[in-house]
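my_file08.txt follows; it contains compact mmCIF, C-alpha atoms.
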```
# COMPACT_ATOMS: atom_id res chain seq x y z
CA GLN A 1237 7.86 -18.66 -9.99
CA VAL A 1238 7.70 -14.90 -9.54
CA GLN A 1239 4.34 -13.18 -9.68
CA LEU A 1240 3.53 -9.49 -9.63
CA VAL A 1241 -0.18 -8.78 -9.60
CA GLU A 1242 -1.43 -5.22 -10.02
CA SER A 1243 -4.82 -3.76 -9.19
CA GLY A 1244 -6.46 -0.38 -8.83
CA GLY A 1245 -6.42 1.05 -12.33
CA GLY A 1246 -9.46 2.54 -13.98
CA LEU A 1247 -11.11 5.66 -15.31
CA VAL A 1248 -10.93 8.88 -13.31
CA GLN A 1249 -11.68 12.52 -14.02
CA PRO A 1250 -8.91 15.11 -14.10
CA GLY A 1251 -8.03 16.18 -10.58
CA GLY A 1252 -9.09 12.85 -9.16
CA SER A 1253 -7.10 10.17 -7.36
CA LEU A 1254 -6.33 6.50 -7.78
CA ARG A 1255 -4.29 4.06 -5.76
CA LEU A 1256 -2.47 1.25 -7.51
CA SER A 1257 -1.43 -1.86 -5.62
CA CYS A 1258 0.95 -4.64 -6.56
CA SER A 1259 1.60 -7.83 -4.66
CA VAL A 1260 4.95 -9.52 -5.18
CA SER A 1261 5.43 -13.22 -4.55
CA GLY A 1262 7.72 -16.06 -5.47
CA THR A 1263 11.00 -17.60 -4.49
CA ARG A 1264 14.27 -15.85 -5.17
CA VAL A 1265 12.54 -12.61 -6.05
CA SER A 1266 14.51 -9.52 -5.21
CA THR A 1267 12.58 -6.57 -3.86
CA ASN A 1268 15.59 -4.31 -3.51
CA VAL A 1269 13.96 -2.08 -6.11
CA LEU A 1270 10.17 -1.81 -6.21
CA ALA A 1271 8.91 0.53 -8.84
CA TRP A 1272 6.11 1.70 -11.07
CA TYR A 1273 6.59 2.37 -14.76
CA ARG A 1274 4.12 3.54 -17.34
CA GLN A 1275 3.82 3.25 -21.06
CA VAL A 1276 1.76 4.98 -23.69
CA ALA A 1277 1.23 3.22 -27.01
CA GLY A 1278 4.06 4.00 -29.38
CA LYS A 1279 6.35 5.34 -26.68
CA GLU A 1280 9.01 3.84 -24.45
CA ARG A 1281 8.20 2.63 -20.98
CA GLU A 1282 9.25 5.25 -18.43
CA LEU A 1283 10.01 5.13 -14.73
CA VAL A 1284 7.33 6.85 -12.66
CA ALA A 1285 8.48 6.13 -9.12
CA ALA A 1286 10.85 3.77 -7.36
CA SER A 1287 11.53 2.64 -3.83
CA VAL A 1288 14.95 1.25 -3.05
CA GLY A 1289 15.62 -0.88 0.00
CA GLY A 1290 16.96 1.42 2.66
CA GLY A 1291 14.35 4.08 2.21
CA ILE A 1292 15.35 5.91 -0.95
CA THR A 1293 12.52 7.01 -3.23
CA ARG A 1294 12.75 8.52 -6.68
CA TYR A 1295 10.11 10.16 -8.89
CA MET A 1296 9.90 11.36 -12.43
CA GLU A 1297 9.74 15.13 -12.53
CA SER A 1298 6.19 15.43 -13.80
CA VAL A 1299 4.67 13.48 -10.89
CA LYS A 1300 6.64 14.98 -8.00
CA GLY A 1301 4.28 16.33 -5.37
CA ARG A 1302 1.33 14.39 -6.82
CA PHE A 1303 2.31 10.71 -6.63
CA ILE A 1304 3.57 8.78 -3.62
CA ILE A 1305 5.18 5.35 -3.71
CA SER A 1306 5.07 3.21 -0.61
CA THR A 1307 5.63 -0.40 0.33
CA GLY A 1308 4.38 -2.91 2.84
CA LYS A 1309 6.63 -3.59 5.79
CA ALA A 1310 7.88 -6.85 4.28
CA ARG A 1311 8.31 -5.19 0.87
CA ASP A 1312 5.96 -7.76 -0.63
CA THR A 1313 3.51 -5.08 -1.70
CA VAL A 1314 4.07 -1.78 -3.43
CA TYR A 1315 1.55 1.02 -3.81
CA LEU A 1316 1.30 4.12 -5.93
CA GLN A 1317 -1.00 6.83 -4.63
CA MET A 1318 -1.81 9.13 -7.53
CA ASN A 1319 -3.39 12.48 -6.77
CA SER A 1320 -4.31 15.49 -8.90
CA LEU A 1321 -4.36 13.26 -11.95
CA LYS A 1322 -3.99 14.84 -15.38
CA PRO A 1323 -4.95 13.54 -18.82
CA GLU A 1324 -1.26 13.15 -19.61
CA ASP A 1325 -1.02 10.56 -16.82
CA THR A 1326 -3.10 8.23 -18.96
CA ALA A 1327 -1.07 5.09 -19.63
CA VAL A 1328 -0.66 1.44 -18.78
CA TYR A 1329 1.09 1.26 -15.43
CA TYR A 1330 3.45 -1.62 -14.70
CA CYS A 1331 4.73 -2.85 -11.38
CA TYR A 1332 8.42 -3.85 -11.22
CA SER A 1333 10.53 -5.75 -8.73
CA GLY A 1334 14.21 -6.46 -9.01
CA PHE A 1335 17.70 -6.17 -7.66
CA SER A 1336 18.25 -3.13 -9.88
CA THR A 1337 16.25 -1.29 -12.52
CA SER A 1338 17.85 -3.39 -15.24
CA VAL A 1339 17.27 -6.91 -13.90
CA GLY A 1340 13.88 -7.81 -12.53
CA HIS A 1341 10.31 -8.88 -13.09
CA TRP A 1342 7.21 -7.13 -14.38
CA GLY A 1343 3.53 -7.24 -13.68
CA GLN A 1344 0.96 -7.55 -16.42
CA GLY A 1345 0.03 -3.87 -16.37
CA THR A 1346 -3.08 -1.96 -15.39
CA GLN A 1347 -4.75 0.76 -17.45
CA VAL A 1348 -5.16 4.22 -15.98
CA THR A 1349 -7.31 6.63 -17.97
CA VAL A 1350 -7.75 10.25 -16.94
CA SER A 1351 -10.59 11.83 -18.88
CA PRO A 1352 -13.59 14.12 -18.25
```

Could you render the structure from this file as structure tokens?
Amino acid sequence: QVQLVESGGGLVQPGGSLRLSCSVSGTRVSTNVLAWYRQVAGKERELVAASVGGGITRYMESVKGRFIISTGKARDTVYLQMNSLKPEDTAVYYCYSGFSTSVGHWGQGTQVTVSP
């Protein structure tokens, strides 16, 4: 059974920071791609940041320079450091683990709200 458990969401003021964490466990789980997605009600889920085995990272344009994705040495944990948060970053953030971005597993989601 594969489990992805997120933590670290919450309410923060604009300009503030949050760090999301996700622990990945289970047999036969691929961690080749570890990623964070986010979704706003009524909109499609979008890729925020991804880490691919071998050291490649990828970010959506609007978070470049503000967010940093990192992983534990064993790639059983993935983090998202979010700095200079903006109201438009408000969303439910989902952790993802898989062989590619099209085949994998999801966490349950954690709410991030950026508001004065």

Box centre and edge lengths (Å, one decimal), axis-aligned, range 1314-1324 of chain A plus 8 Å each side, as AutoDock Vina command-line options:
```
--center_x -0.4 --center_y 6.9 --center_z -11.5 --size_x 25.0 --size_y 33.3 --size_z 32.2
```

Polymer residues at most 12 Å from Gly1308 in chain A, all atoms listed in the file, same-chain spacing of 3 or more positions, as a count of residues only: 15

State, in Å with one decimal place, the distance from CA of Pro1323 in chain A to CA of Gly1343 in chain A. 23.0 Å

Measuring atom to atom with only C-alpha atoms, identify which of A:Gln1239, A:Ser1306, A:Gln1275, A:Thr1346 is nearest to Ala1327 in chain A. A:Gln1275

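Here the selection is built from all atoms listed in the file, and the residues within 6 Å of (-12.2, 7.7, -20.5) turn out to be Leu1247, Thr1349 and Ser1351 of chain A.
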
Taking all atoms listed in the file into account, name the residue in A:Gly1345, A:Leu1240, A:Gln1249, A:Val1288 that is nearest to Ala1271 in chain A. A:Val1288

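Counting from CA of Phe1335 in chain A, the distance to CA of Asn1268 in chain A is 5.0 Å.
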
Give me, please, the distance in Å between CA of Val1269 in chain A and CA of Tyr1332 in chain A, quoted to one decimal. 7.7 Å
